[in-house]
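Peer 1: Quick one, data18.txt (compact mmCIF, C-alpha atoms):
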# COMPACT_ATOMS: atom_id res chain seq x y z
CA MET A 1 51.73 -4.95 0.22
CA LEU A 2 51.68 -5.00 4.03
CA PRO A 3 55.05 -3.62 5.26
CA VAL A 4 55.86 -6.03 8.10
CA SER A 5 59.11 -4.14 8.80
CA ASN A 6 56.92 -1.46 10.40
CA ASP A 7 56.43 -2.00 14.14
CA ARG A 8 52.86 -0.73 14.20
CA VAL A 9 51.89 -2.90 11.22
CA ARG A 10 53.24 -5.96 13.00
CA GLU A 11 51.25 -5.08 16.13
CA LEU A 12 48.01 -4.93 14.13
CA PHE A 13 48.89 -7.64 11.62
CA PHE A 14 46.40 -10.27 12.82
CA THR A 15 43.46 -7.87 13.21
CA GLY A 16 40.82 -8.60 10.61
CA ASN A 17 37.28 -9.75 10.04
CA PHE A 18 35.78 -13.10 9.07
CA GLY A 19 32.48 -14.12 7.54
CA LEU A 20 31.42 -17.56 6.35
CA GLU A 21 28.85 -18.87 3.87
CA LYS A 22 28.07 -22.58 4.22
CA GLU A 23 25.76 -24.46 1.87
CA GLY A 24 23.99 -27.65 2.87
CA LEU A 25 21.08 -29.80 1.68
CA ARG A 26 17.85 -30.63 3.48
CA VAL A 27 17.15 -34.32 2.96
CA THR A 28 14.60 -36.93 3.99
CA PRO A 29 15.59 -39.71 6.42
CA ASP A 30 15.84 -42.14 3.49
CA GLY A 31 18.39 -40.03 1.66
CA PHE A 32 16.40 -38.06 -0.93
CA PHE A 33 16.12 -34.31 -1.38
CA ALA A 34 13.43 -32.65 0.74
CA GLN A 35 10.65 -31.20 -1.39
CA THR A 36 9.27 -28.82 1.24
CA PRO A 37 9.49 -25.01 1.16
CA HIS A 38 12.43 -23.27 2.82
CA PRO A 39 11.65 -23.44 6.57
CA PHE A 40 13.57 -20.29 7.58
CA PRO A 41 11.63 -17.45 5.91
CA GLY A 42 12.77 -13.98 6.88
CA ASP A 43 16.04 -15.12 8.49
CA LYS A 44 18.80 -13.15 6.77
CA HIS A 45 21.45 -15.54 8.11
CA ILE A 46 19.79 -18.74 6.79
CA VAL A 47 18.85 -18.39 3.15
CA ARG A 48 18.57 -20.50 -0.01
CA ASP A 49 21.25 -21.06 -2.60
CA PHE A 50 20.36 -22.62 -5.96
CA SER A 51 17.71 -25.08 -4.81
CA GLU A 52 14.74 -24.63 -2.53
CA ASN A 53 16.27 -27.37 -0.34
CA GLN A 54 19.83 -26.00 -0.39
CA THR A 55 20.14 -24.11 2.86
CA GLU A 56 22.92 -21.52 3.15
CA ILE A 57 24.23 -20.09 6.41
CA ASN A 58 25.61 -16.55 6.20
CA THR A 59 27.31 -15.79 9.50
CA PRO A 60 27.63 -12.27 10.84
CA VAL A 61 31.09 -10.72 10.63
CA PHE A 62 33.49 -11.40 13.51
CA SER A 63 37.00 -10.30 14.41
CA SER A 64 38.30 -13.73 15.34
CA ALA A 65 38.29 -17.20 13.84
CA GLU A 66 37.01 -18.63 17.13
CA GLU A 67 33.92 -16.39 17.19
CA THR A 68 33.21 -17.16 13.55
CA ILE A 69 33.32 -20.93 14.04
CA ALA A 70 31.19 -20.56 17.18
CA SER A 71 28.56 -18.69 15.16
CA LEU A 72 28.66 -21.30 12.38
CA THR A 73 28.22 -23.98 15.05
CA ASP A 74 25.20 -22.21 16.53
CA TYR A 75 23.44 -21.79 13.17
CA THR A 76 24.23 -25.37 12.20
CA ALA A 77 22.69 -26.60 15.47
CA TYR A 78 19.65 -24.41 14.95
CA ILE A 79 19.08 -25.89 11.49
CA HIS A 80 19.38 -29.45 12.83
CA LYS A 81 16.88 -28.72 15.59
CA THR A 82 14.41 -26.98 13.29
CA LEU A 83 14.49 -29.78 10.71
CA ALA A 84 14.03 -32.39 13.45
CA GLY A 85 10.84 -30.60 14.52
CA LEU A 86 9.21 -30.63 11.08
CA ASP A 87 6.39 -33.01 10.25
CA PRO A 88 7.74 -35.18 8.75
CA PRO A 89 11.26 -34.53 10.09
CA GLU A 90 14.22 -33.82 7.81
CA LEU A 91 17.99 -34.11 8.14
CA TYR A 92 20.77 -31.63 7.39
CA TRP A 93 23.16 -33.40 4.99
CA PRO A 94 26.76 -33.14 6.38
CA LEU A 95 28.81 -33.60 3.17
CA SER A 96 29.60 -31.57 0.06
CA ASN A 97 28.48 -34.20 -2.45
CA PRO A 98 24.72 -34.91 -2.51
CA PRO A 99 22.87 -38.12 -1.55
CA TYR A 100 20.43 -39.90 -3.89
CA ILE A 101 18.99 -38.04 -6.87
CA ARG A 102 16.11 -39.81 -8.64
CA ARG A 103 15.90 -37.30 -11.49
CA GLU A 104 16.41 -33.61 -12.17
CA PRO A 105 12.98 -32.51 -10.85
CA ASP A 106 14.16 -33.75 -7.43
CA ILE A 107 16.24 -30.55 -7.41
CA PRO A 108 13.63 -27.78 -7.18
CA ILE A 109 14.84 -24.31 -8.12
CA ALA A 110 14.48 -21.84 -5.24
CA GLN A 111 11.31 -19.84 -5.69
CA PHE A 112 11.31 -16.07 -5.28
CA TYR A 113 8.43 -13.71 -5.99
CA GLY A 114 7.68 -10.05 -6.57
CA ASP A 115 10.74 -7.83 -6.63
CA GLU A 116 12.92 -10.90 -6.13
CA ALA A 117 11.50 -12.96 -9.01
CA TYR A 118 14.68 -12.25 -10.97
CA LYS A 119 16.53 -14.62 -8.60
CA THR A 120 14.45 -17.56 -9.80
CA ALA A 121 14.92 -16.50 -13.42
CA TYR A 122 18.68 -16.42 -12.84
CA ARG A 123 18.59 -19.97 -11.43
CA GLU A 124 16.65 -21.09 -14.49
CA HIS A 125 19.45 -19.65 -16.61
CA LEU A 126 22.02 -21.62 -14.59
CA THR A 127 19.94 -24.76 -15.18
CA ASP A 128 20.05 -24.19 -18.93
CA VAL A 129 23.83 -23.67 -18.95
CA TYR A 130 25.13 -26.08 -16.28
CA GLY A 131 22.24 -28.37 -15.38
CA ARG A 132 20.82 -28.82 -11.90
CA TYR A 133 22.98 -31.73 -10.79
CA LYS A 134 26.17 -29.67 -10.46
CA MET A 135 24.30 -27.09 -8.39
CA THR A 136 23.62 -29.65 -5.64
CA VAL A 137 27.32 -29.83 -4.69
CA SER A 138 27.76 -27.70 -1.57
CA GLY A 139 30.71 -25.96 0.02
CA ILE A 140 31.96 -23.09 2.15
CA HIS A 141 33.01 -19.58 1.14
CA VAL A 142 35.46 -17.78 3.43
CA ASN A 143 35.35 -13.99 3.47
CA TYR A 144 38.18 -12.01 5.04
CA SER A 145 38.96 -8.32 5.38
CA PHE A 146 41.86 -6.46 6.95
CA SER A 147 41.01 -4.22 9.88
CA ASP A 148 40.74 -0.50 9.16
CA GLU A 149 43.46 0.14 11.75
CA LEU A 150 45.90 -2.19 9.99
CA LEU A 151 45.16 -0.69 6.58
CA LYS A 152 45.66 2.87 7.84
CA GLU A 153 49.00 2.05 9.46
CA ALA A 154 50.14 0.18 6.36
CA TYR A 155 49.18 3.17 4.22
CA LEU A 156 50.90 5.70 6.48
CA ALA A 157 54.06 3.58 6.53
CA GLN A 158 54.32 4.08 2.78
CA ALA A 159 52.87 7.60 2.34
CA PRO A 160 54.03 11.00 3.64
CA GLY A 161 50.58 12.10 4.80
CA TRP A 162 46.90 11.26 4.82
CA ASN A 163 44.88 11.57 1.65
CA ASP A 164 41.45 9.91 1.36
CA ARG A 165 41.74 9.33 -2.37
CA ASP A 166 45.23 7.85 -2.14
CA PHE A 167 44.16 5.66 0.78
CA ARG A 168 41.29 4.27 -1.31
CA LEU A 169 43.76 3.52 -4.12
CA PHE A 170 46.16 1.87 -1.67
CA LYS A 171 43.39 -0.31 -0.27
CA ASP A 172 42.14 -1.32 -3.72
CA GLN A 173 45.66 -2.14 -4.90
CA LEU A 174 46.31 -4.22 -1.78
CA TYR A 175 43.23 -6.36 -2.43
CA LEU A 176 44.03 -6.60 -6.15
CA SER A 177 47.57 -7.78 -5.38
CA LEU A 178 46.21 -10.24 -2.82
CA ALA A 179 43.66 -11.58 -5.30
CA ALA A 180 46.41 -12.16 -7.87
CA HIS A 181 48.54 -14.01 -5.32
CA LEU A 182 45.56 -16.09 -4.22
CA CYS A 183 44.77 -17.00 -7.81
CA ARG A 184 48.42 -18.06 -8.20
CA TYR A 185 48.75 -19.95 -4.90
CA GLY A 186 45.18 -20.52 -3.68
CA TRP A 187 45.32 -24.13 -4.88
CA LEU A 188 46.94 -24.78 -1.49
CA VAL A 189 43.60 -24.07 0.23
CA THR A 190 41.90 -26.53 -2.10
CA ALA A 191 44.47 -29.20 -1.22
CA VAL A 192 44.16 -28.84 2.57
CA THR A 193 40.35 -28.66 2.71
CA ALA A 194 39.34 -31.13 -0.03
CA ALA A 195 36.68 -33.43 1.41
CA SER A 196 34.41 -34.78 -1.34
CA PRO A 197 35.93 -37.86 -3.00
CA ILE A 198 32.88 -40.18 -3.01
CA LEU A 199 29.70 -39.85 -5.08
CA ASP A 200 26.47 -41.75 -5.29
CA SER A 201 26.05 -43.26 -8.74
CA SER A 202 22.84 -41.30 -9.27
CA PHE A 203 24.91 -38.14 -9.70
CA ILE A 204 26.51 -39.42 -12.91
CA GLU A 205 24.00 -42.08 -14.06
CA LYS A 206 20.46 -40.81 -13.85
CA GLY A 207 18.22 -43.24 -12.04
CA ILE A 208 21.03 -45.54 -10.88
CA LEU A 209 21.01 -45.23 -7.08
CA GLY A 210 23.05 -46.73 -4.29
CA ASN A 211 26.45 -47.42 -5.87
CA ASP A 212 29.55 -45.64 -4.59
CA VAL A 213 31.66 -43.90 -7.24
CA PHE A 214 35.25 -42.67 -6.94
CA LEU A 215 36.56 -40.62 -9.88
CA GLY A 216 40.06 -39.87 -8.60
CA PHE A 217 39.16 -36.51 -7.05
CA ALA A 218 39.60 -35.36 -3.47
CA SER A 219 37.17 -32.51 -4.14
CA LEU A 220 34.51 -32.88 -6.81
CA ARG A 221 33.37 -29.26 -6.54
CA CYS A 222 36.89 -27.90 -7.10
CA SER A 223 37.76 -30.38 -9.86
CA GLU A 224 37.27 -29.90 -13.59
CA LEU A 225 33.78 -31.40 -13.09
CA GLY A 226 32.91 -28.81 -10.46
CA TYR A 227 32.17 -25.10 -10.33
CA TRP A 228 33.92 -23.69 -13.39
CA ASN A 229 32.63 -21.71 -16.32
CA LEU A 230 32.77 -23.01 -19.87
CA PHE A 231 35.82 -20.78 -20.46
CA VAL A 232 38.93 -19.87 -18.45
CA PRO A 233 38.72 -16.22 -17.38
CA ALA A 234 41.64 -13.82 -17.12
CA PHE A 235 41.52 -10.57 -15.16
CA ASP A 236 43.25 -7.20 -15.40
CA TYR A 237 44.74 -6.43 -11.98
CA THR A 238 46.03 -2.96 -12.95
CA ASN A 239 43.36 -1.15 -10.93
CA ILE A 240 39.85 -1.77 -9.69
CA GLU A 241 38.27 -0.19 -12.77
CA LYS A 242 40.18 -2.41 -15.19
CA TYR A 243 39.50 -5.44 -13.00
CA CYS A 244 35.76 -4.76 -13.18
CA GLU A 245 35.98 -4.04 -16.89
CA SER A 246 37.66 -7.40 -17.53
CA ILE A 247 34.71 -9.12 -15.85
CA ARG A 248 32.17 -6.89 -17.57
CA ASN A 249 33.58 -7.97 -20.93
CA TYR A 250 32.52 -11.57 -20.25
CA VAL A 251 29.00 -10.35 -19.51
CA ASP A 252 28.87 -8.12 -22.57
CA ASN A 253 30.12 -10.96 -24.78
CA GLY A 254 27.39 -13.27 -23.49
CA LEU A 255 29.71 -15.76 -21.82
CA ILE A 256 28.03 -15.19 -18.45
CA ALA A 257 24.75 -13.53 -17.53
CA SER A 258 26.18 -11.48 -14.67
CA ALA A 259 29.30 -11.15 -12.53
CA SER A 260 27.79 -13.56 -9.98
CA GLU A 261 27.97 -16.33 -12.59
CA LEU A 262 31.76 -16.08 -12.69
CA TYR A 263 32.67 -19.38 -11.04
CA TYR A 264 36.21 -18.62 -9.96
CA PRO A 265 37.80 -19.61 -6.62
CA ILE A 266 38.76 -16.03 -5.69
CA ARG A 267 36.63 -12.89 -5.70
CA ILE A 268 37.19 -9.30 -4.65
CA LYS A 269 33.97 -7.97 -3.15
CA PRO A 270 32.62 -4.55 -2.12
CA ARG A 271 30.72 -3.70 1.01
CA GLY A 272 27.01 -4.45 0.66
CA THR A 273 25.45 -6.02 -2.41
CA ASN A 274 28.04 -7.71 -4.60
CA THR A 275 27.82 -5.98 -7.97
CA LEU A 276 30.46 -4.62 -10.32
CA GLU A 277 28.87 -1.18 -9.99
CA HIS A 278 29.31 -1.25 -6.20
CA LEU A 279 32.87 -2.56 -6.52
CA MET A 280 33.82 0.33 -8.81
CA GLU A 281 31.96 2.91 -6.73
CA ARG A 282 32.87 1.75 -3.22
CA GLY A 283 36.14 -0.07 -3.83
CA ALA A 284 37.36 -3.37 -2.43
CA ASP A 285 36.09 -4.32 1.01
CA HIS A 286 37.09 -7.97 1.40
CA ILE A 287 38.37 -11.08 -0.36
CA GLU A 288 36.32 -14.25 -0.84
CA LEU A 289 37.75 -17.78 -1.12
CA ARG A 290 35.19 -20.13 -2.65
CA ASN A 291 37.17 -23.39 -2.73
CA VAL A 292 36.54 -24.96 0.69
CA ASP A 293 34.61 -28.23 1.04
CA VAL A 294 32.24 -29.04 3.89
CA ASN A 295 34.24 -31.07 6.41
CA PRO A 296 32.04 -33.90 7.76
CA PHE A 297 34.42 -34.55 10.66
CA CYS A 298 33.51 -31.19 12.25
CA PHE A 299 30.05 -30.41 13.59
CA ALA A 300 30.14 -26.95 12.02
CA GLY A 301 31.59 -28.25 8.75
CA LEU A 302 34.85 -26.30 9.05
CA ASP A 303 37.84 -26.99 11.28
CA LEU A 304 39.01 -23.98 13.28
CA ARG A 305 42.61 -24.75 12.32
CA ASP A 306 41.78 -24.56 8.63
CA LEU A 307 40.10 -21.18 9.07
CA LYS A 308 43.11 -19.88 11.01
CA PHE A 309 45.42 -21.20 8.33
CA ILE A 310 43.47 -19.34 5.66
CA GLN A 311 43.99 -16.13 7.61
CA TYR A 312 47.73 -16.79 8.00
CA PHE A 313 47.94 -17.61 4.31
CA ILE A 314 46.11 -14.44 3.28
CA LEU A 315 48.31 -12.28 5.50
CA TYR A 316 51.47 -13.91 4.19
CA LEU A 317 50.47 -13.34 0.57
CA ALA A 318 49.36 -9.76 1.31
CA SER A 319 52.92 -9.08 2.50
CA CYS A 320 54.52 -10.32 -0.72
CA PRO A 321 55.56 -7.91 -3.51
CA PRO A 322 53.03 -7.38 -6.31
CA LEU A 323 52.88 -10.25 -8.75
CA GLU A 324 53.39 -10.14 -12.51
CA PHE A 325 50.32 -12.09 -13.59
CA PRO A 326 49.60 -11.97 -17.32
CA ALA A 327 46.75 -13.94 -18.90
CA ASN A 328 48.85 -16.99 -19.81
CA HIS A 329 50.01 -17.30 -16.19
CA GLN A 330 46.40 -17.06 -15.05
CA ILE A 331 45.43 -19.96 -17.31
CA LEU A 332 48.13 -22.09 -15.66
CA ALA A 333 46.89 -20.99 -12.25
CA ALA A 334 43.34 -22.12 -13.00
CA GLN A 335 44.68 -25.51 -14.01
CA ASN A 336 46.60 -25.74 -10.73
CA PHE A 337 43.37 -25.36 -8.74
CA LYS A 338 42.01 -28.38 -10.60
CA HIS A 339 45.21 -30.37 -10.06
CA ALA A 340 45.04 -29.68 -6.32
CA ALA A 341 41.55 -31.20 -6.28
CA ARG A 342 42.95 -34.61 -7.27
CA TYR A 343 43.13 -37.44 -4.76
CA ASP A 344 46.80 -38.44 -5.14
CA LEU A 345 48.68 -35.15 -4.88
CA GLN A 346 52.04 -36.78 -5.46
CA SER A 347 50.99 -37.80 -8.98
CA VAL A 348 49.86 -34.36 -10.22
CA ASN A 349 51.93 -31.23 -10.67
CA ILE A 350 51.74 -27.54 -9.99
CA LEU A 351 52.64 -25.76 -13.23
CA GLN A 352 54.97 -22.77 -13.06
CA PRO A 353 55.41 -20.00 -15.64
CA GLY A 354 58.35 -20.98 -17.81
CA GLY A 355 57.41 -24.63 -18.01
CA GLN A 356 58.68 -25.91 -14.68
CA ALA A 357 56.47 -28.40 -12.84
CA LYS A 358 56.65 -30.05 -9.45
CA SER A 359 54.20 -32.26 -7.57
CA VAL A 360 51.45 -30.65 -5.52
CA VAL A 361 52.99 -32.25 -2.43
CA ASP A 362 56.48 -30.86 -2.97
CA THR A 363 55.25 -27.42 -4.01
CA ALA A 364 52.89 -27.21 -1.03
CA LEU A 365 55.68 -28.07 1.41
CA GLU A 366 57.86 -25.37 -0.14
CA VAL A 367 55.13 -22.75 0.28
CA LEU A 368 54.46 -23.80 3.87
CA GLU A 369 58.16 -23.62 4.69
CA ARG A 370 58.31 -20.11 3.25
CA MET A 371 55.36 -19.20 5.47
CA GLU A 372 57.14 -20.57 8.52
CA GLU A 373 60.21 -18.50 7.68
CA PHE A 374 58.09 -15.40 7.11
CA TYR A 375 56.39 -15.65 10.50
CA LYS A 376 59.71 -15.69 12.34
CA VAL A 377 59.63 -11.87 12.28
CA PHE A 378 56.71 -12.07 14.72
CA PRO A 379 56.78 -13.16 18.37
CA ALA A 380 56.66 -16.91 18.83
CA ASP A 381 53.14 -18.32 18.80
CA SER A 382 52.64 -21.99 19.61
CA ASP A 383 49.10 -21.96 18.24
CA ARG A 384 50.20 -20.59 14.87
CA ASP A 385 53.07 -23.08 14.73
CA ALA A 386 50.65 -25.90 15.47
CA VAL A 387 48.29 -24.77 12.68
CA LEU A 388 51.10 -24.67 10.12
CA GLN A 389 52.32 -28.07 11.25
CA PHE A 390 48.75 -29.41 11.04
CA GLU A 391 48.60 -28.41 7.38
CA LYS A 392 52.13 -29.65 6.58
CA GLU A 393 51.25 -33.07 7.94
CA LYS A 394 48.58 -33.45 5.26
CA PHE A 395 51.31 -33.47 2.61
CA VAL A 396 53.72 -35.63 4.59
CA ASN A 397 51.09 -38.23 5.53
CA PRO A 398 48.18 -38.42 3.04
CA ASP A 399 46.10 -40.47 5.50
CA THR A 400 45.60 -37.23 7.46
CA ARG A 401 43.82 -35.56 4.54
CA TYR A 402 40.05 -35.34 4.88
CA ALA A 403 39.40 -36.89 1.47
CA TRP A 404 41.50 -39.95 2.29
CA GLN A 405 39.67 -40.38 5.60
CA ILE A 406 36.27 -39.97 3.92
CA ARG A 407 37.09 -42.56 1.29
CA LYS A 408 38.06 -44.97 4.05
CA HIS A 409 35.03 -44.37 6.29
CA PHE A 410 32.26 -43.68 3.74
CA CYS A 411 33.08 -45.81 0.70
CA ALA A 412 31.25 -48.96 1.88
CA ASN A 413 27.86 -47.23 1.53
CA TYR A 414 28.23 -43.49 0.97
CA VAL A 415 24.64 -42.34 1.33
CA GLN A 416 23.71 -44.58 4.25
CA ASN A 417 26.88 -43.63 6.12
CA GLY A 418 26.10 -40.00 5.41
CA LEU A 419 22.61 -40.40 6.82
CA GLU A 420 23.99 -42.02 9.95
CA LEU A 421 26.34 -39.07 10.40
CA ALA A 422 23.49 -36.62 9.80
CA GLU A 423 21.48 -38.35 12.53
CA GLN A 424 24.50 -38.25 14.85
CA ARG A 425 24.92 -34.53 14.19
CA ARG A 426 21.21 -33.98 14.91
CA GLN A 427 21.61 -35.67 18.28
CA GLU A 428 24.68 -33.58 19.02
CA ALA A 429 22.72 -30.45 18.15
CA MET A 430 20.08 -31.31 20.72
CA GLU A 431 22.77 -31.18 23.39
CA LEU A 432 24.00 -27.71 22.44
Rewrite the structure from the file as C-alpha cells, please.

Peer 2:
Amino acid sequence: MLPVSNDRVRELFFTGNFGLEKEGLRVTPDGFFAQTPHPFPGDKHIVRDFSENQTEINTPVFSSAEETIASLTDYTAYIHKTLAGLDPPELYWPLSNPPYIRREPDIPIAQFYGDEAYKTAYREHLTDVYGRYKMTVSGIHVNYSFSDELLKEAYLAQAPGWNDRDFRLFKDQLYLSLAAHLCRYGWLVTAVTAASPILDSSFIEKGILGNDVFLGFASLRCSELGYWNLFVPAFDYTNIEKYCESIRNYVDNGLIASASELYYPIRIKPRGTNTLEHLMERGADHIELRNVDVNPFCFAGLDLRDLKFIQYFILYLASCPPLEFPANHQILAAQNFKHAARYDLQSVNILQPGGQAKSVVDTALEVLERMEEFYKVFPADSDRDAVLQFEKEKFVNPDTRYAWQIRKHFCANYVQNGLELAEQRRQEAMEL
C-alpha cells in the first residue's frame, strides 16, 4: 500500500502516467458500417480493433490528465478530418452502441497479413465464440501507472535499504493489491461513466432496422450482455507468478484462447507487449480499467473530470490495506460490475461478503464520502473537491448521469440523432 503518513510519499502522491485506448466505428452518412479498408495504415496510434471499420486510438503516455485528454482530442479531430476527406466521405460514430447493422457480414473482421495473420485468425475465433455483433460495441480503456519516484519513496518508507529484487516484489504486490481493490470496488467507475442505454433494433433482431430499444441498462457493454466470458474468472493475488498461473489455467483448460480473451474490467499489464510471459518476466507496469463508455457529450469521448476521478480513485484504493479476496468474493464482485451497469441504480444492490446488500446509490455515496475523508490528509484542492462532488451528484440526482441524458436526447431516433451528432463533431473538428 502507499504509506500516505510519509511526507515524501504525500508530495509525490499525484505523480503518475496516463494512457487511453478509445474504440470507435467508421460509418457511412446513412448510418451503416463503412466497408472500406482501414485509412490509417502505419499509424501506431490509430489502429484497428475487432473490425476493419472499428478504429482505435492509442494515445501516447502522459503525466497529466489534461495532456492525455488533449491528445485524445487531437487524434479524434484527425480521424474526423481524414474521414471527411475520403471519397465517399465517412463519419466517426460518437457513441458506444453501434448504428444500423443489416447482417453479420456488415461487420468485416480486421484483415492482417504475413507475420500478423494470427491477429485475423484470433478475431475469427472470437466470432465463433461470441459472434460479431457484440464486438461492435465500443468503449475506452484507461491505463494508469504510478511514477517511479513515488514507488521508490513508498518502498523506502517501508524498507530499511534499497534492494532491486525486493523493490520489484513491492511494486508487483502494490499493483496486485490495487487490482484486487479495483475488482471489489471498480463497479463505481462503471456507474459514473455508463453512457450506452439505447440500441438500434438491428442489434438484437437481425434485419429489423430503425427502432429504438431500451433494455434497462445504462451501459450495454458493461452489462451481462456485454464483454464477459462464458465463465466467471477468479484470480490468485498472492504474487505475480500465481496471478499469471491462475489466468494460464483458463487457457490450458480451453476456456479462452489466450490471456487477451479474458474479458474482465481490470487488468494488470507489463511494459511492452501484453503477454503473461512478459508480465512474469518484467513484472507489473500499470493497471488497466476497461469499463468506461464513450461519452457522446464530450468531443474526445471522455470527460476530463471522469479521468481525474479515476486517478483519485486508484490512488485512494492503492493506499488501503491489502484485501482478503477469495474466489467466492470475486464472484460477487463480478456481479456488482453488472449491477452497476443498470439504468436505475436505486433498484439494484451491491452485494457484500457475508450476505449484506445495499443499493448501488447508497454504497457509491459511502465510498465517495470515505474518499473525501481520506483526502483531508492532503492540502486543500478545490479542483479535486469539485471532481468528487461532480461524481457524487450523479448518485444524488440521476438526471446528471450520462445514460439518463442520452435516453432523453437520443431515444426519439437513436441512429439519426447519432448521425447528427457525428456531423456536428466533424464540423467541430474542422475548427480545431

Peer 1: Considering only C-alpha atoms, can you say which of A:Glu277, A:Asp212, A:Glu369, A:Asp303 comes closest to A:Pro197?

Peer 2: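 Nearest to A:Pro197: A:Asp212.
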
Peer 1: Where does stretch 62-128 of chain A meet stretch 401-424 of chain A within 7 Å, residue by residue, with the nearest atom pair and distance in Å to one decimal for each, counting all atoms listed in the file, listed by chain and rising number, as JSON lines?

Peer 2:
{"residue": "A:Leu91", "atom": "CA", "partner": "A:Ala422", "partner_atom": "CA", "distance": 6.3}
{"residue": "A:Tyr92", "atom": "CA", "partner": "A:Ala422", "partner_atom": "CA", "distance": 6.2}
{"residue": "A:Trp93", "atom": "CA", "partner": "A:Ala422", "partner_atom": "CA", "distance": 5.8}
{"residue": "A:Pro94", "atom": "CA", "partner": "A:Ala422", "partner_atom": "CA", "distance": 5.9}
{"residue": "A:Pro99", "atom": "CA", "partner": "A:Val415", "partner_atom": "CA", "distance": 5.4}

Peer 1: Store the residues picked out above in a file with C-alpha atoms, as a PDB file, in the frame of the given file.

Peer 2:
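Result file out.pdb:
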ATOM      1  CA  LEU A  91      17.990 -34.110   8.140  1.00  0.00           C
ATOM      2  CA  TYR A  92      20.770 -31.630   7.390  1.00  0.00           C
ATOM      3  CA  TRP A  93      23.160 -33.400   4.990  1.00  0.00           C
ATOM      4  CA  PRO A  94      26.760 -33.140   6.380  1.00  0.00           C
ATOM      5  CA  PRO A  99      22.870 -38.120  -1.550  1.00  0.00           C
TER       6      PRO A  99
END

Peer 1: From the options A:Ile331, A:Ala257, A:Ile57, A:Ser71, which residue's atoms come nearest to A:Glu124, counting all atoms listed in the file?

Peer 2: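 Closest candidate: A:Ala257.
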
Peer 1: Just checking: using only C-alpha atoms, which residue out of A:Pro398, A:Pro270, A:Pro379, A:Gly355 ends up closest to A:Asp7?

Peer 2: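 For A:Asp7, the nearest of the given residues is A:Pro379.
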
Peer 1: By how many Å are atom CA of A:Glu241 and atom CA of A:Val189 apart?

Peer 2: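 So the two atoms, atom CA of A:Glu241 and atom CA of A:Val189, lie 27.7 Å apart.
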
Peer 1: Would you mind telling me which residue in A:Lys44, A:Arg221, A:His141, A:Lys338 lies nearest to A:Leu188 when using all atoms listed in the file?

Peer 2: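 Nearest to A:Leu188: A:Lys338.
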
Peer 1: Measuring between only C-alpha atoms, which one of A:Val61, A:Leu323, A:Ala34, A:Leu126 shows the shortest distance to A:Ile107?

Peer 2: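 Closest residue, counting only C-alpha atoms: A:Ala34.
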
Peer 1: Hey, can you check how far atom CA of A:Glu52 sits from atom CA of A:Ser201?

Peer 2: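 Interatomic distance, atom CA of A:Glu52 to atom CA of A:Ser201: 22.7 Å.
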
Peer 1: Given the point (26.2, -26.4, -9.5) in the file's coordinates, find the residues that have an atom at most 10 Å from it, counting all atoms listed in the file, and give them as a PyMOL selection string.

Peer 2: chain A and resi 50-51+126-127+130-138+221+225-228+263

Peer 1: I'd like the neighbourhood of A:Ala333 as a list of chain:residue names, where a residue qualifies if any of its atoms comes within 10 Å (using all atoms listed in the file), though same-chain residues fewer than 3 positions away should be ignored.

Peer 2: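 Contacts, with the query itself left out: A:Ala180, A:His181, A:Leu182, A:Cys183, A:Arg184, A:Tyr185, A:Gly186, A:Trp187, A:Phe325, A:Ala327, A:Asn328, A:His329, A:Gln330, A:Asn336, A:Phe337, A:Lys338, A:His339, A:Ile350, A:Leu351, A:Gln352, A:Pro353.
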
Peer 1: Write the residues you've just listed into a file as a short mmCIF file (atom, residue, chain, number, x, y, z; two decimals), in the frame of the given file, and include C-alpha atoms for each of them.

Peer 2:
data_model
loop_
_atom_site.label_atom_id
_atom_site.label_comp_id
_atom_site.auth_asym_id
_atom_site.auth_seq_id
_atom_site.Cartn_x
_atom_site.Cartn_y
_atom_site.Cartn_z
CA ALA A 180 46.41 -12.16 -7.87
CA HIS A 181 48.54 -14.01 -5.32
CA LEU A 182 45.56 -16.09 -4.22
CA CYS A 183 44.77 -17.00 -7.81
CA ARG A 184 48.42 -18.06 -8.20
CA TYR A 185 48.75 -19.95 -4.90
CA GLY A 186 45.18 -20.52 -3.68
CA TRP A 187 45.32 -24.13 -4.88
CA PHE A 325 50.32 -12.09 -13.59
CA ALA A 327 46.75 -13.94 -18.90
CA ASN A 328 48.85 -16.99 -19.81
CA HIS A 329 50.01 -17.30 -16.19
CA GLN A 330 46.40 -17.06 -15.05
CA ASN A 336 46.60 -25.74 -10.73
CA PHE A 337 43.37 -25.36 -8.74
CA LYS A 338 42.01 -28.38 -10.60
CA HIS A 339 45.21 -30.37 -10.06
CA ILE A 350 51.74 -27.54 -9.99
CA LEU A 351 52.64 -25.76 -13.23
CA GLN A 352 54.97 -22.77 -13.06
CA PRO A 353 55.41 -20.00 -15.64
#

Peer 1: For stretch 349-357 of chain A, take all atoms listed in the file, fit an axis-aligned box around them, add 8 Å to each of the six sides, then output centre and edge lengths in Å rounded to one decimal, as lines of an AutoDock Vina configuration file.

Peer 2:
center_x = 55.2
center_y = -25.6
center_z = -14.0
size_x = 22.9
size_y = 27.2
size_z = 24.0

Peer 1: Would you mind listing what lies within 10 Å of A:Leu304 as a list in words, with all atoms listed in the file counted and same-chain residues fewer than 6 positions away left out?

Peer 2: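 Result of the neighbour search: Ala65, Glu66, Glu67, Thr68, Ile69, Ala70, Cys298, Ile310 and Val387 of chain A.
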
Peer 1: Quick one: residues within 10 Å of A:Arg290, all atoms listed in the file, excluding same-chain residues fewer than 5 positions away - as a PDB file with C-alpha atoms, in the coordinates of the input?

Peer 2:
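Ended up saving to selection06.pdb:
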ATOM      1  CA  GLU A  21      28.850 -18.870   3.870  1.00  0.00           C
ATOM      2  CA  GLY A 139      30.710 -25.960   0.020  1.00  0.00           C
ATOM      3  CA  ILE A 140      31.960 -23.090   2.150  1.00  0.00           C
ATOM      4  CA  HIS A 141      33.010 -19.580   1.140  1.00  0.00           C
ATOM      5  CA  VAL A 142      35.460 -17.780   3.430  1.00  0.00           C
ATOM      6  CA  ASN A 143      35.350 -13.990   3.470  1.00  0.00           C
ATOM      7  CA  VAL A 189      43.600 -24.070   0.230  1.00  0.00           C
ATOM      8  CA  THR A 190      41.900 -26.530  -2.100  1.00  0.00           C
ATOM      9  CA  CYS A 222      36.890 -27.900  -7.100  1.00  0.00           C
ATOM     10  CA  TYR A 227      32.170 -25.100 -10.330  1.00  0.00           C
ATOM     11  CA  TYR A 263      32.670 -19.380 -11.040  1.00  0.00           C
ATOM     12  CA  TYR A 264      36.210 -18.620  -9.960  1.00  0.00           C
ATOM     13  CA  PRO A 265      37.800 -19.610  -6.620  1.00  0.00           C
ATOM     14  CA  ILE A 266      38.760 -16.030  -5.690  1.00  0.00           C
ATOM     15  CA  ARG A 267      36.630 -12.890  -5.700  1.00  0.00           C
TER      16      ARG A 267
END
